[in-house]
$ cat model_36.cif   # mmCIF, C-alpha atoms and all ligand atoms
data_start
#
loop_
_atom_site.label_atom_id
_atom_site.label_comp_id
_atom_site.auth_asym_id
_atom_site.auth_seq_id
_atom_site.Cartn_x
_atom_site.Cartn_y
_atom_site.Cartn_z
CA SER A 208 5.05 -17.90 -18.19
CA THR A 209 4.18 -20.92 -16.05
CA ALA A 210 7.18 -20.62 -13.72
CA PRO A 211 5.80 -19.97 -10.25
CA LEU A 212 5.56 -16.35 -9.26
CA LYS A 213 7.64 -16.06 -6.10
CA VAL A 214 5.88 -13.82 -3.61
CA ALA A 215 7.36 -12.86 -0.25
CA VAL A 216 5.11 -11.75 2.59
CA THR A 217 6.54 -10.32 5.78
CA GLY A 218 4.60 -10.36 9.04
CA ALA A 219 2.94 -13.46 7.63
CA ALA A 220 1.69 -14.70 11.02
CA GLY A 221 -0.12 -11.42 11.70
CA GLN A 222 -3.73 -10.40 11.20
CA ILE A 223 -3.38 -9.20 7.62
CA GLY A 224 -1.28 -12.25 6.79
CA TYR A 225 -4.09 -14.53 7.90
CA SER A 226 -6.30 -13.15 5.16
CA LEU A 227 -3.66 -12.27 2.58
CA LEU A 228 -1.98 -15.66 2.28
CA PHE A 229 -5.19 -17.49 1.48
CA ARG A 230 -6.23 -14.96 -1.13
CA LEU A 231 -2.79 -15.10 -2.76
CA ALA A 232 -2.84 -18.90 -2.77
CA SER A 233 -6.35 -19.13 -4.20
CA GLY A 234 -5.52 -17.08 -7.29
CA ALA A 235 -6.65 -13.54 -6.43
CA LEU A 236 -3.29 -12.16 -7.54
CA ALA A 237 -2.12 -14.25 -10.45
CA GLY A 238 -5.14 -16.33 -11.50
CA ASP A 239 -4.05 -19.78 -12.64
CA ARG A 240 -0.37 -19.03 -12.59
CA PRO A 241 1.36 -21.10 -9.89
CA ILE A 242 2.52 -19.10 -6.93
CA GLU A 243 5.26 -19.83 -4.41
CA LEU A 244 4.95 -18.19 -1.02
CA ARG A 245 8.03 -17.08 0.95
CA LEU A 246 6.97 -16.07 4.43
CA LEU A 247 9.08 -13.98 6.76
CA GLU A 248 8.43 -13.62 10.47
CA ILE A 249 10.35 -12.85 13.63
CA THR A 250 11.58 -15.94 15.48
CA PRO A 251 8.91 -15.99 18.24
CA ALA A 252 6.12 -15.97 15.64
CA LEU A 253 7.44 -18.91 13.59
CA LYS A 254 5.46 -21.51 15.52
CA ALA A 255 2.19 -19.67 14.89
CA LEU A 256 3.24 -19.33 11.24
CA GLU A 257 3.71 -23.11 11.05
CA GLY A 258 0.07 -23.41 12.06
CA VAL A 259 -0.99 -21.06 9.28
CA VAL A 260 1.03 -23.13 6.80
CA MET A 261 -0.78 -26.27 8.02
CA GLU A 262 -4.04 -24.52 7.13
CA LEU A 263 -2.69 -23.51 3.73
CA ASP A 264 -1.83 -27.18 3.15
CA ASP A 265 -5.33 -28.15 4.21
CA CYS A 266 -6.87 -25.95 1.53
CA ALA A 267 -5.17 -28.04 -1.18
CA PHE A 268 -4.95 -24.96 -3.41
CA PRO A 269 -4.25 -26.19 -6.95
CA ASN A 270 -1.92 -23.31 -7.84
CA LEU A 271 0.10 -23.12 -4.66
CA ALA A 272 3.47 -24.42 -5.83
CA GLY A 273 5.32 -24.20 -2.51
CA VAL A 274 5.63 -22.45 0.81
CA GLU A 275 8.81 -21.57 2.64
CA ILE A 276 8.96 -19.89 6.03
CA GLY A 277 11.77 -18.42 8.08
CA ASP A 278 13.22 -15.53 10.05
CA ASP A 279 16.18 -14.81 7.76
CA ALA A 280 15.31 -12.14 5.20
CA GLU A 281 18.15 -13.07 2.86
CA LYS A 282 16.87 -16.62 2.58
CA ILE A 283 13.20 -15.74 2.31
CA PHE A 284 13.70 -12.96 -0.26
CA ASP A 285 15.97 -15.06 -2.45
CA GLY A 286 14.75 -14.78 -6.04
CA VAL A 287 11.39 -13.18 -5.19
CA ASN A 288 9.47 -11.38 -7.94
CA LEU A 289 7.16 -9.57 -5.55
CA ALA A 290 7.71 -8.63 -1.91
CA LEU A 291 4.73 -7.57 0.17
CA LEU A 292 6.16 -5.91 3.28
CA VAL A 293 3.33 -6.15 5.77
CA GLY A 294 5.12 -6.82 9.05
CA ALA A 295 5.88 -3.73 11.09
CA ARG A 296 6.23 -2.65 14.66
CA PRO A 297 2.92 -1.33 16.01
CA ARG A 298 2.86 1.72 18.19
CA GLY A 299 2.92 0.50 21.80
CA PRO A 300 1.74 2.34 24.90
CA GLY A 301 3.91 5.33 25.71
CA MET A 302 5.82 5.02 22.45
CA GLU A 303 6.83 8.34 20.91
CA ARG A 304 6.62 8.90 17.17
CA SER A 305 10.41 8.89 16.95
CA ASP A 306 10.50 5.51 18.77
CA LEU A 307 8.03 4.16 16.22
CA LEU A 308 10.05 5.52 13.31
CA SER A 309 13.29 4.05 14.62
CA ALA A 310 11.79 0.64 15.46
CA ASN A 311 10.37 0.43 11.94
CA GLY A 312 13.48 1.98 10.51
CA ALA A 313 15.51 -0.95 11.76
CA ILE A 314 13.12 -3.41 10.11
CA PHE A 315 12.90 -1.66 6.74
CA THR A 316 16.62 -0.88 6.59
CA ALA A 317 17.45 -4.57 7.00
CA GLN A 318 14.75 -5.71 4.58
CA GLY A 319 15.80 -3.15 1.96
CA LYS A 320 19.37 -4.40 2.17
CA ALA A 321 18.31 -8.04 1.94
CA LEU A 322 16.10 -7.37 -1.10
CA ASN A 323 18.94 -5.46 -2.72
CA LYS A 324 21.15 -8.51 -2.33
CA VAL A 325 18.94 -11.45 -3.24
CA ALA A 326 15.62 -10.49 -4.90
CA ALA A 327 14.94 -11.34 -8.55
CA SER A 328 15.98 -8.68 -11.05
CA ASP A 329 12.29 -7.96 -11.83
CA VAL A 330 11.27 -7.54 -8.17
CA ARG A 331 8.42 -5.20 -7.19
CA ILE A 332 8.07 -4.16 -3.56
CA GLY A 333 4.79 -3.09 -1.97
CA VAL A 334 4.81 -1.75 1.58
CA THR A 335 1.67 -2.15 3.70
CA GLY A 336 3.25 -1.95 7.18
CA ASN A 337 2.90 1.46 8.79
CA PRO A 338 4.05 4.17 8.55
CA ALA A 339 3.86 2.76 5.03
CA ASN A 340 5.11 5.70 2.93
CA THR A 341 8.14 6.34 5.10
CA ASN A 342 8.88 2.63 5.54
CA ALA A 343 8.93 2.35 1.74
CA LEU A 344 11.27 5.34 1.57
CA ILE A 345 13.62 3.66 4.06
CA ALA A 346 13.60 0.33 2.21
CA MET A 347 14.17 2.10 -1.12
CA SER A 348 17.05 4.12 0.27
CA ASN A 349 18.72 0.94 1.52
CA ALA A 350 18.43 -0.88 -1.80
CA PRO A 351 20.60 1.19 -4.15
CA ASP A 352 20.70 -1.45 -6.91
CA ILE A 353 16.93 -1.80 -7.22
CA PRO A 354 15.34 0.84 -9.47
CA GLN A 355 13.45 3.31 -7.28
CA GLU A 356 10.21 2.89 -9.19
CA ARG A 357 10.00 -0.69 -7.92
CA PHE A 358 8.97 0.55 -4.46
CA SER A 359 5.48 1.62 -3.54
CA ALA A 360 3.41 2.07 -0.40
CA LEU A 361 -0.21 1.06 -0.03
CA THR A 362 -2.93 3.68 -0.35
CA ARG A 363 -5.25 1.34 -2.22
CA LEU A 364 -7.25 0.63 0.92
CA ASP A 365 -7.96 4.35 1.24
CA HIS A 366 -8.80 4.42 -2.47
CA ASN A 367 -11.24 1.53 -2.09
CA ARG A 368 -12.79 3.12 0.99
CA ALA A 369 -13.32 6.33 -0.97
CA ILE A 370 -14.98 4.44 -3.83
CA SER A 371 -17.27 2.68 -1.41
CA GLN A 372 -18.29 5.90 0.36
CA LEU A 373 -18.98 7.67 -2.93
CA ALA A 374 -21.00 4.72 -4.23
CA ALA A 375 -23.11 4.72 -1.07
CA LYS A 376 -23.70 8.48 -1.30
CA THR A 377 -24.73 8.47 -4.95
CA GLY A 378 -26.47 5.11 -5.08
CA ALA A 379 -24.21 4.06 -7.93
CA PRO A 380 -22.61 0.61 -8.02
CA VAL A 381 -18.88 0.63 -7.22
CA THR A 382 -18.19 -0.41 -10.80
CA ASP A 383 -19.52 2.99 -11.94
CA ILE A 384 -16.95 4.88 -9.88
CA THR A 385 -13.73 5.65 -11.72
CA LYS A 386 -10.72 7.96 -11.48
CA MET A 387 -10.65 8.08 -7.70
CA THR A 388 -7.46 9.56 -6.28
CA ILE A 389 -5.85 9.47 -2.86
CA TRP A 390 -3.10 12.08 -2.60
CA GLY A 391 -0.29 12.18 -0.05
CA ASN A 392 0.34 10.09 3.03
CA HIS A 393 -1.45 6.96 4.23
CA SER A 394 -2.48 8.78 7.38
CA ALA A 395 -5.23 11.06 8.62
CA THR A 396 -3.83 13.87 6.43
CA GLN A 397 -4.46 11.97 3.19
CA TYR A 398 -6.60 13.72 0.61
CA PRO A 399 -9.29 11.69 -1.17
CA ASP A 400 -10.13 13.76 -4.26
CA LEU A 401 -13.63 13.84 -5.75
CA PHE A 402 -12.89 16.63 -8.23
CA HIS A 403 -11.40 14.23 -10.75
CA ALA A 404 -13.40 11.14 -9.85
CA GLU A 405 -16.36 10.13 -11.99
CA VAL A 406 -19.72 8.48 -11.38
CA ALA A 407 -20.83 6.73 -14.55
CA GLY A 408 -18.66 9.14 -16.53
CA ARG A 409 -19.89 12.34 -14.81
CA ASN A 410 -17.75 14.46 -12.53
CA ALA A 411 -18.22 13.14 -8.99
CA ALA A 412 -18.04 16.49 -7.19
CA GLU A 413 -20.78 17.80 -9.51
CA VAL A 414 -22.92 14.69 -9.10
CA VAL A 415 -22.67 15.03 -5.32
CA GLY A 416 -23.10 18.81 -5.51
CA ASP A 417 -22.48 19.25 -1.81
CA GLN A 418 -19.14 20.77 -0.80
CA GLU A 419 -20.18 20.58 2.86
CA TRP A 420 -20.62 16.77 2.64
CA LEU A 421 -17.36 16.48 0.74
CA GLU A 422 -15.38 18.42 3.36
CA SER A 423 -17.13 17.49 6.58
CA THR A 424 -18.24 13.92 5.92
CA PHE A 425 -16.54 12.30 2.95
CA ILE A 426 -12.92 13.30 3.56
CA PRO A 427 -12.88 12.60 7.33
CA THR A 428 -14.83 9.35 6.95
CA VAL A 429 -12.26 8.01 4.50
CA ALA A 430 -9.26 9.40 6.37
CA LYS A 431 -10.41 8.12 9.78
CA ARG A 432 -11.90 4.82 8.66
CA GLY A 433 -9.04 2.87 10.21
CA ALA A 434 -9.84 4.29 13.65
CA ALA A 435 -13.58 3.62 13.18
CA ILE A 436 -12.82 -0.02 12.45
CA ILE A 437 -10.61 -0.36 15.52
CA ASP A 438 -13.45 1.16 17.54
CA ALA A 439 -16.03 -1.27 16.21
CA ARG A 440 -14.01 -4.45 15.82
CA GLY A 441 -11.51 -4.09 18.62
CA SER A 442 -8.63 -4.59 16.19
CA SER A 443 -7.41 -2.88 13.10
CA SER A 444 -8.63 -3.54 9.57
CA ALA A 445 -7.12 -6.74 8.29
CA ALA A 446 -9.21 -8.46 5.61
CA SER A 447 -9.79 -5.18 3.79
CA ALA A 448 -6.09 -4.32 4.07
CA ALA A 449 -5.20 -7.73 2.64
CA SER A 450 -7.71 -7.26 -0.19
CA ALA A 451 -6.28 -3.85 -1.04
CA THR A 452 -2.72 -5.20 -0.90
CA ILE A 453 -3.73 -7.75 -3.55
CA ASP A 454 -5.64 -5.21 -5.67
CA ALA A 455 -2.58 -2.98 -5.71
CA ALA A 456 -0.13 -5.75 -6.57
CA ARG A 457 -2.40 -7.27 -9.22
CA ASP A 458 -2.87 -3.96 -11.00
CA TRP A 459 0.84 -3.18 -10.76
CA LEU A 460 1.92 -6.51 -12.26
CA PHE A 461 -0.93 -7.03 -14.71
CA GLY A 462 -2.19 -3.52 -15.51
CA SER A 463 -4.93 -1.13 -14.40
CA ALA A 464 -8.26 -0.95 -16.22
CA GLU A 465 -8.57 0.95 -19.48
CA GLY A 466 -10.03 4.42 -18.98
CA ASP A 467 -9.43 4.38 -15.24
CA TRP A 468 -6.58 4.88 -12.80
CA VAL A 469 -5.62 3.75 -9.30
CA SER A 470 -3.92 5.33 -6.29
CA MET A 471 -0.40 4.24 -5.39
CA ALA A 472 2.23 5.91 -3.25
CA VAL A 473 5.34 6.14 -5.42
CA ARG A 474 8.48 8.21 -5.62
CA SER A 475 7.75 11.80 -6.56
CA GLN A 476 9.76 13.53 -9.22
CA GLY A 477 8.07 16.78 -8.32
CA GLU A 478 4.73 16.09 -10.01
CA TYR A 479 1.90 18.34 -8.77
CA GLY A 480 4.34 20.20 -6.53
CA VAL A 481 5.04 17.15 -4.35
CA PRO A 482 8.65 17.44 -3.14
CA GLU A 483 10.98 15.21 -5.13
CA GLY A 484 11.97 11.94 -3.53
CA LEU A 485 8.97 11.55 -1.22
CA ILE A 486 6.89 8.40 -1.54
CA SER A 487 3.51 10.03 -1.94
CA SER A 488 0.17 8.81 -3.26
CA PHE A 489 -0.77 9.84 -6.79
CA PRO A 490 -3.22 8.85 -9.49
CA VAL A 491 -1.34 6.29 -11.59
CA THR A 492 -1.96 4.00 -14.50
CA THR A 493 -0.09 0.72 -14.62
CA SER A 494 0.92 -1.61 -17.38
CA GLY A 495 3.34 -4.51 -17.60
CA GLY A 496 4.76 -3.95 -14.13
CA ASP A 497 5.35 -0.23 -14.60
CA TRP A 498 3.35 2.71 -13.30
CA SER A 499 3.08 6.23 -14.54
CA ILE A 500 1.60 9.22 -12.78
CA VAL A 501 -1.45 10.69 -14.52
CA GLU A 502 -0.34 14.14 -15.58
CA GLY A 503 -2.09 17.34 -16.49
CA LEU A 504 -4.95 17.25 -13.98
CA GLU A 505 -6.15 20.69 -12.97
CA ILE A 506 -5.75 21.19 -9.25
CA ASP A 507 -7.81 23.96 -7.67
CA GLU A 508 -6.98 25.98 -4.57
CA PHE A 509 -8.83 23.65 -2.20
CA SER A 510 -7.14 20.50 -3.48
CA ARG A 511 -3.75 22.16 -3.61
CA GLY A 512 -3.98 23.02 0.10
CA ARG A 513 -5.03 19.49 1.03
CA ILE A 514 -2.25 17.89 -0.98
CA ALA A 515 0.32 20.24 0.53
CA ALA A 516 -0.83 19.48 4.08
CA SER A 517 -0.31 15.77 3.56
CA THR A 518 3.00 16.06 1.71
CA ASP A 519 4.27 18.47 4.40
CA GLU A 520 3.70 15.64 6.86
CA LEU A 521 5.63 13.26 4.62
CA ALA A 522 8.49 15.75 4.42
CA GLU A 523 8.54 15.91 8.23
CA GLU A 524 8.68 12.12 8.46
CA ARG A 525 11.54 12.13 5.95
CA ALA A 526 13.39 14.74 8.01
CA ALA A 527 12.91 12.61 11.15
CA VAL A 528 14.29 9.42 9.58
CA THR A 529 17.13 11.38 7.98
CA GLU A 530 18.02 12.68 11.42
CA LEU A 531 17.92 9.10 12.76
CA GLY A 532 20.41 8.14 10.03
CA LEU A 533 17.98 5.65 8.43
CA ILE A 534 18.14 7.07 4.93
P1 LIG A 601 -0.08 -7.71 13.31
O1 LIG A 601 0.57 -7.10 14.50
O2 LIG A 601 -1.24 -8.61 13.47
O3 LIG A 601 1.01 -8.50 12.47
C1 LIG A 601 2.28 -7.98 12.19
C2 LIG A 601 3.23 -9.14 12.11
O4 LIG A 601 4.49 -8.65 11.71
C3 LIG A 601 3.43 -9.86 13.45
O5 LIG A 601 3.13 -11.24 13.28
C4 LIG A 601 4.91 -9.62 13.74
O6 LIG A 601 5.52 -10.74 14.38
C5 LIG A 601 5.46 -9.41 12.34
N1 LIG A 601 6.75 -8.72 12.31
C6 LIG A 601 7.21 -7.74 13.12
N2 LIG A 601 8.46 -7.41 12.80
C7 LIG A 601 8.81 -8.19 11.77
C8 LIG A 601 10.00 -8.32 11.01
N3 LIG A 601 11.09 -7.60 11.28
N4 LIG A 601 10.03 -9.22 10.01
C9 LIG A 601 8.94 -9.97 9.76
N5 LIG A 601 7.80 -9.91 10.44
C10 LIG A 601 7.73 -9.03 11.44
O7 LIG A 601 -0.44 -6.49 12.36
P2 LIG A 601 -1.44 -6.45 11.11
O8 LIG A 601 -2.79 -6.11 11.59
O9 LIG A 601 -1.25 -7.66 10.28
O10 LIG A 601 -0.89 -5.16 10.36
C11 LIG A 601 0.41 -5.14 9.79
C12 LIG A 601 0.81 -3.73 9.42
O11 LIG A 601 -0.04 -3.23 8.40
C13 LIG A 601 0.71 -2.73 10.57
O12 LIG A 601 1.84 -1.88 10.50
C14 LIG A 601 -0.54 -1.96 10.25
O13 LIG A 601 -0.50 -0.67 10.83
C15 LIG A 601 -0.44 -1.91 8.75
N6 LIG A 601 -1.69 -1.60 8.06
C16 LIG A 601 -1.59 -0.84 6.93
C17 LIG A 601 -2.70 -0.51 6.19
C18 LIG A 601 -2.58 0.30 4.94
O14 LIG A 601 -3.60 0.61 4.34
N7 LIG A 601 -1.39 0.70 4.48
C19 LIG A 601 -4.04 -0.95 6.61
C20 LIG A 601 -4.05 -1.79 7.78
C21 LIG A 601 -2.89 -2.09 8.48
#

$ encode --input "model_36.cif" --output "structure tokens"
Amino acid sequence: STAPLKVAVTGAAGQIGYSLLFRLASGALAGDRPIELRLLEITPALKALEGVVMELDDCAFPNLAGVEIGDDAEKIFDGVNLALLVGARPRGPGMERSDLLSANGAIFTAQGKALNKVAASDVRIGVTGNPANTNALIAMSNAPDIPQERFSALTRLDHNRAISQLAAKTGAPVTDITKMTIWGNHSATQYPDLFHAEVAGRNAAEVVGDQEWLESTFIPTVAKRGAAIIDARGSSSAASAASATIDAARDWLFGSAEGDWVSMAVRSQGEYGVPEGLISSFPVTTSGGDWSIVEGLEIDEFSRGRIAASTDELAEERAAVTELGLI
């Protein structure tokens, strides 16, 4: 179809937005198909967002069919086919976890309701803003008319980080790394799994042959990469987060590669022992806007423990937002 793909981005004046919008507009998501951007911000950030839109104009992107900005979710989400929920409340000094969950709860409750009311019937919703899995759960729970499988949270950045670390370790190009999986929460408890990944078709854990590296270097490097970037750069990962947000959305809408899979946090129906209803990261294949969890993988004792640790954390987050009345 040549009708513009309507893509909403929230938090559009933020760091990730500054990279994401230009990649979306230049064709990284939908190639030559025209794209219309619908950008949501809070009122005090609208002026800065106007400046970003001036820069988008100045790029003269051939496939950018229009840009609309505003602070009213019901207007911005009207008729959108894809909503990338990036804007979130960062953890401020002295803020407790429950403060963070309730501040974000308010945002994702309202945005879930607005999407429920005005989004296109084919809408897909990807949540990047943290705590991403639980924010997605809150939005999903507040959008009863949107099928639950239309909500996902971003673990693709973790997935890409894991690919990059494995490629560096083995000397293989990233294109040789397949079947990477991030399990669980987008947090330090996530489990990047090398037991099902492959390097040029060979089992990655066997190619590496070093359980000590896997446990003491690989897993913590991937899981704590966000903190390492803050340390080095002075602010959190933004361009890589934008790139992963696009990778995830592109594969969701247009399909994952043959013979491979990707990581996406989606609603569990109890697969691999993950409690039903949690938005947890799984290996998934995608096609035509739908995902399906890769089934039948053998999970050993080590992996089972790691997955459970991360999904226990997700269950705790769910209990906290349930208690706050957000879902
Ligand atoms: P940022 O603070 O630079 O930008 C966030 C923007 O969201 C701000 O412009 C703010 O005004 C806006 N915002 C706040 N409340 C809003 C609302 N109710 N509606 C619309 N916009 C709203 O943050 P940055 O660096 O762009 O990161 C955004 C989020 O992405 C953060 O929560 C961050 O933790 C998360 N993140 C997630 C990653 C992942 O892999 N899932 C990776 C990196 C960041």

$ closest_atom_pairs --input "model_36.cif" --of "chain A" --to "ligand LIG 601 (chain A)" --cutoff "6 Å" --atoms "all atoms listed in the file" --output "tab-separated table"
residue	atom	partner	partner_atom	distance
A:Thr217	CA	A:LIG601	C9	4.7
A:Gly218	CA	A:LIG601	O4	3.2
A:Ala220	CA	A:LIG601	O5	4.4
A:Gly221	CA	A:LIG601	O3	3.2
A:Gln222	CA	A:LIG601	O9	3.8
A:Ile223	CA	A:LIG601	O9	3.7
A:Gly224	CA	A:LIG601	O9	5.8
A:Leu247	CA	A:LIG601	C9	5.0
A:Glu248	CA	A:LIG601	C9	3.8
A:Ile249	CA	A:LIG601	C9	5.0
A:Ala252	CA	A:LIG601	O6	5.4
A:Val293	CA	A:LIG601	C12	5.1
A:Gly294	CA	A:LIG601	O4	3.3
A:Ala295	CA	A:LIG601	O12	4.5
A:Arg296	CA	A:LIG601	C6	5.4
A:Pro297	CA	A:LIG601	O12	5.6
A:Ile314	CA	A:LIG601	N3	4.8
A:Thr335	CA	A:LIG601	N7	4.3
A:Gly336	CA	A:LIG601	O12	3.6
A:Asn337	CA	A:LIG601	O12	3.9
A:Ala339	CA	A:LIG601	N7	5.7
A:Leu361	CA	A:LIG601	N7	4.7
A:Thr362	CA	A:LIG601	O14	5.6
A:Leu364	CA	A:LIG601	O14	5.0
A:Ser443	CA	A:LIG601	O8	5.8
A:Ser444	CA	A:LIG601	C20	5.2
A:Ala445	CA	A:LIG601	O8	5.5
A:Ala448	CA	A:LIG601	C19	4.7

$ write_last_selection --input "model_36.cif" --atoms "C-alpha atoms" --output "PDB file, keeping the file's coordinate frame"
ATOM      1  CA  THR A 217       6.540 -10.320   5.780  1.00  0.00           C
ATOM      2  CA  GLY A 218       4.600 -10.360   9.040  1.00  0.00           C
ATOM      3  CA  ALA A 220       1.690 -14.700  11.020  1.00  0.00           C
ATOM      4  CA  GLY A 221      -0.120 -11.420  11.700  1.00  0.00           C
ATOM      5  CA  GLN A 222      -3.730 -10.400  11.200  1.00  0.00           C
ATOM      6  CA  ILE A 223      -3.380  -9.200   7.620  1.00  0.00           C
ATOM      7  CA  GLY A 224      -1.280 -12.250   6.790  1.00  0.00           C
ATOM      8  CA  LEU A 247       9.080 -13.980   6.760  1.00  0.00           C
ATOM      9  CA  GLU A 248       8.430 -13.620  10.470  1.00  0.00           C
ATOM     10  CA  ILE A 249      10.350 -12.850  13.630  1.00  0.00           C
ATOM     11  CA  ALA A 252       6.120 -15.970  15.640  1.00  0.00           C
ATOM     12  CA  VAL A 293       3.330  -6.150   5.770  1.00  0.00           C
ATOM     13  CA  GLY A 294       5.120  -6.820   9.050  1.00  0.00           C
ATOM     14  CA  ALA A 295       5.880  -3.730  11.090  1.00  0.00           C
ATOM     15  CA  ARG A 296       6.230  -2.650  14.660  1.00  0.00           C
ATOM     16  CA  PRO A 297       2.920  -1.330  16.010  1.00  0.00           C
ATOM     17  CA  ILE A 314      13.120  -3.410  10.110  1.00  0.00           C
ATOM     18  CA  THR A 335       1.670  -2.150   3.700  1.00  0.00           C
ATOM     19  CA  GLY A 336       3.250  -1.950   7.180  1.00  0.00           C
ATOM     20  CA  ASN A 337       2.900   1.460   8.790  1.00  0.00           C
ATOM     21  CA  ALA A 339       3.860   2.760   5.030  1.00  0.00           C
ATOM     22  CA  LEU A 361      -0.210   1.060  -0.030  1.00  0.00           C
ATOM     23  CA  THR A 362      -2.930   3.680  -0.350  1.00  0.00           C
ATOM     24  CA  LEU A 364      -7.250   0.630   0.920  1.00  0.00           C
ATOM     25  CA  SER A 443      -7.410  -2.880  13.100  1.00  0.00           C
ATOM     26  CA  SER A 444      -8.630  -3.540   9.570  1.00  0.00           C
ATOM     27  CA  ALA A 445      -7.120  -6.740   8.290  1.00  0.00           C
ATOM     28  CA  ALA A 448      -6.090  -4.320   4.070  1.00  0.00           C
TER      29      ALA A 448
END

$ residues_around --input "model_36.cif" --residues "Asp458 in chain A" --least-positions-apart "5" --cutoff "12 Å" --atoms "only C-alpha atoms" --output "VMD selection string"
chain A and resid 235 to 237 331 333 363 451 to 453 463 to 465 467 to 471 491 to 498

$ residues_around --input "model_36.cif" --residues "range 321-325 of chain A" --least-positions-apart "3" --cutoff "6 Å" --atoms "only C-alpha atoms" --output "PDB file with C-alpha atoms, in the coordinates of the input"
ATOM      1  CA  GLU A 281      18.150 -13.070   2.860  1.00  0.00           C
ATOM      2  CA  ASP A 285      15.970 -15.060  -2.450  1.00  0.00           C
ATOM      3  CA  GLN A 318      14.750  -5.710   4.580  1.00  0.00           C
ATOM      4  CA  ALA A 350      18.430  -0.880  -1.800  1.00  0.00           C
TER       5      ALA A 350
END

$ residues_around --input "model_36.cif" --residues "Ala327 in chain A" --least-positions-apart "2" --cutoff "8 Å" --atoms "only C-alpha atoms" --output "short mmCIF file (atom, residue, chain, number, x, y, z; two decimals) with C-alpha atoms, keeping the file's coordinate frame"
data_model
loop_
_atom_site.label_atom_id
_atom_site.label_comp_id
_atom_site.auth_asym_id
_atom_site.auth_seq_id
_atom_site.Cartn_x
_atom_site.Cartn_y
_atom_site.Cartn_z
CA ASP A 285 15.97 -15.06 -2.45
CA GLY A 286 14.75 -14.78 -6.04
CA VAL A 287 11.39 -13.18 -5.19
CA ASN A 288 9.47 -11.38 -7.94
CA VAL A 325 18.94 -11.45 -3.24
CA ASP A 329 12.29 -7.96 -11.83
CA VAL A 330 11.27 -7.54 -8.17
#

$ closest_residue --input "model_36.cif" --among "A:Trp459, A:Trp420, A:Phe402, A:Trp390" --to "Phe358 in chain A" --atoms "only C-alpha atoms"
A:Trp459

$ closest_residue --input "model_36.cif" --among "A:Glu508, A:Asp400, A:Glu520, A:Glu356" --to "Ala472 in chain A" --atoms "all atoms listed in the file"
A:Glu356

$ closest_atom_pairs --input "model_36.cif" --of "range 324-419 of chain A" --to "range 522-527 of chain A" --cutoff "12 Å" --atoms "only C-alpha atoms" --output "tab-separated table"
residue	atom	partner	partner_atom	distance
A:Pro338	CA	A:Glu524	CA	9.2
A:Ala339	CA	A:Glu524	CA	11.1
A:Asn340	CA	A:Glu524	CA	9.2
A:Thr341	CA	A:Glu524	CA	6.7
A:Asn342	CA	A:Arg525	CA	9.9
A:Ala343	CA	A:Arg525	CA	11.0
A:Leu344	CA	A:Arg525	CA	8.1
A:Ile345	CA	A:Arg525	CA	8.9
A:Ser348	CA	A:Arg525	CA	11.3
A:Gly391	CA	A:Ala522	CA	10.5
A:Asn392	CA	A:Ala522	CA	10.0
A:Ser394	CA	A:Glu524	CA	11.7

$ atom_distance --input "model_36.cif" --atom1 "CA of Ala326 in chain A" --atom2 "CA of Phe268 in chain A"
25.2 Å

$ closest_residue --input "model_36.cif" --among "A:Ala369, A:Leu244, A:Met261, A:Ala313" --to "Thr424 in chain A" --atoms "only C-alpha atoms"
A:Ala369

$ closest_residue --input "model_36.cif" --among "A:Ser226, A:Pro241, A:Leu401, A:Leu504" --to "Leu263 in chain A" --atoms "all atoms listed in the file"
A:Ser226

$ closest_residue --input "model_36.cif" --among "A:Gly512, A:Pro427, A:Gly532, A:Gly408" --to "Gln372 in chain A" --atoms "all atoms listed in the file"
A:Pro427

$ atom_distance --input "model_36.cif" --atom1 "CA of Leu531 in chain A" --atom2 "CA of Ala434 in chain A"
28.2 Å

$ decode --input "model_36.cif" --residues "range 321-326 of chain A" --atoms "N, CA, C and O atoms" --output "PDB file, in the first residue's frame"
ATOM      1  N   ALA A 321      -5.984   6.216  25.559  1.00  0.00           N
ATOM      2  CA  ALA A 321      -6.087   7.014  24.333  1.00  0.00           C
ATOM      3  C   ALA A 321      -5.929   6.122  23.094  1.00  0.00           C
ATOM      4  O   ALA A 321      -6.690   6.247  22.120  1.00  0.00           O
ATOM      5  N   LEU A 322      -4.976   5.210  23.128  1.00  0.00           N
ATOM      6  CA  LEU A 322      -4.795   4.293  21.994  1.00  0.00           C
ATOM      7  C   LEU A 322      -6.046   3.458  21.786  1.00  0.00           C
ATOM      8  O   LEU A 322      -6.489   3.223  20.656  1.00  0.00           O
ATOM      9  N   ASN A 323      -6.605   2.996  22.889  1.00  0.00           N
ATOM     10  CA  ASN A 323      -7.811   2.169  22.830  1.00  0.00           C
ATOM     11  C   ASN A 323      -8.930   2.899  22.081  1.00  0.00           C
ATOM     12  O   ASN A 323      -9.699   2.301  21.337  1.00  0.00           O
ATOM     13  N   LYS A 324      -8.975   4.201  22.291  1.00  0.00           N
ATOM     14  CA  LYS A 324     -10.054   5.013  21.742  1.00  0.00           C
ATOM     15  C   LYS A 324      -9.840   5.377  20.269  1.00  0.00           C
ATOM     16  O   LYS A 324     -10.784   5.337  19.483  1.00  0.00           O
ATOM     17  N   VAL A 325      -8.621   5.739  19.899  1.00  0.00           N
ATOM     18  CA  VAL A 325      -8.444   6.390  18.596  1.00  0.00           C
ATOM     19  C   VAL A 325      -7.463   5.738  17.623  1.00  0.00           C
ATOM     20  O   VAL A 325      -7.385   6.161  16.464  1.00  0.00           O
ATOM     21  N   ALA A 326      -6.684   4.753  18.056  1.00  0.00           N
ATOM     22  CA  ALA A 326      -5.680   4.184  17.135  1.00  0.00           C
ATOM     23  C   ALA A 326      -6.361   3.435  15.992  1.00  0.00           C
ATOM     24  O   ALA A 326      -7.528   3.032  16.099  1.00  0.00           O
TER      25      ALA A 326
END
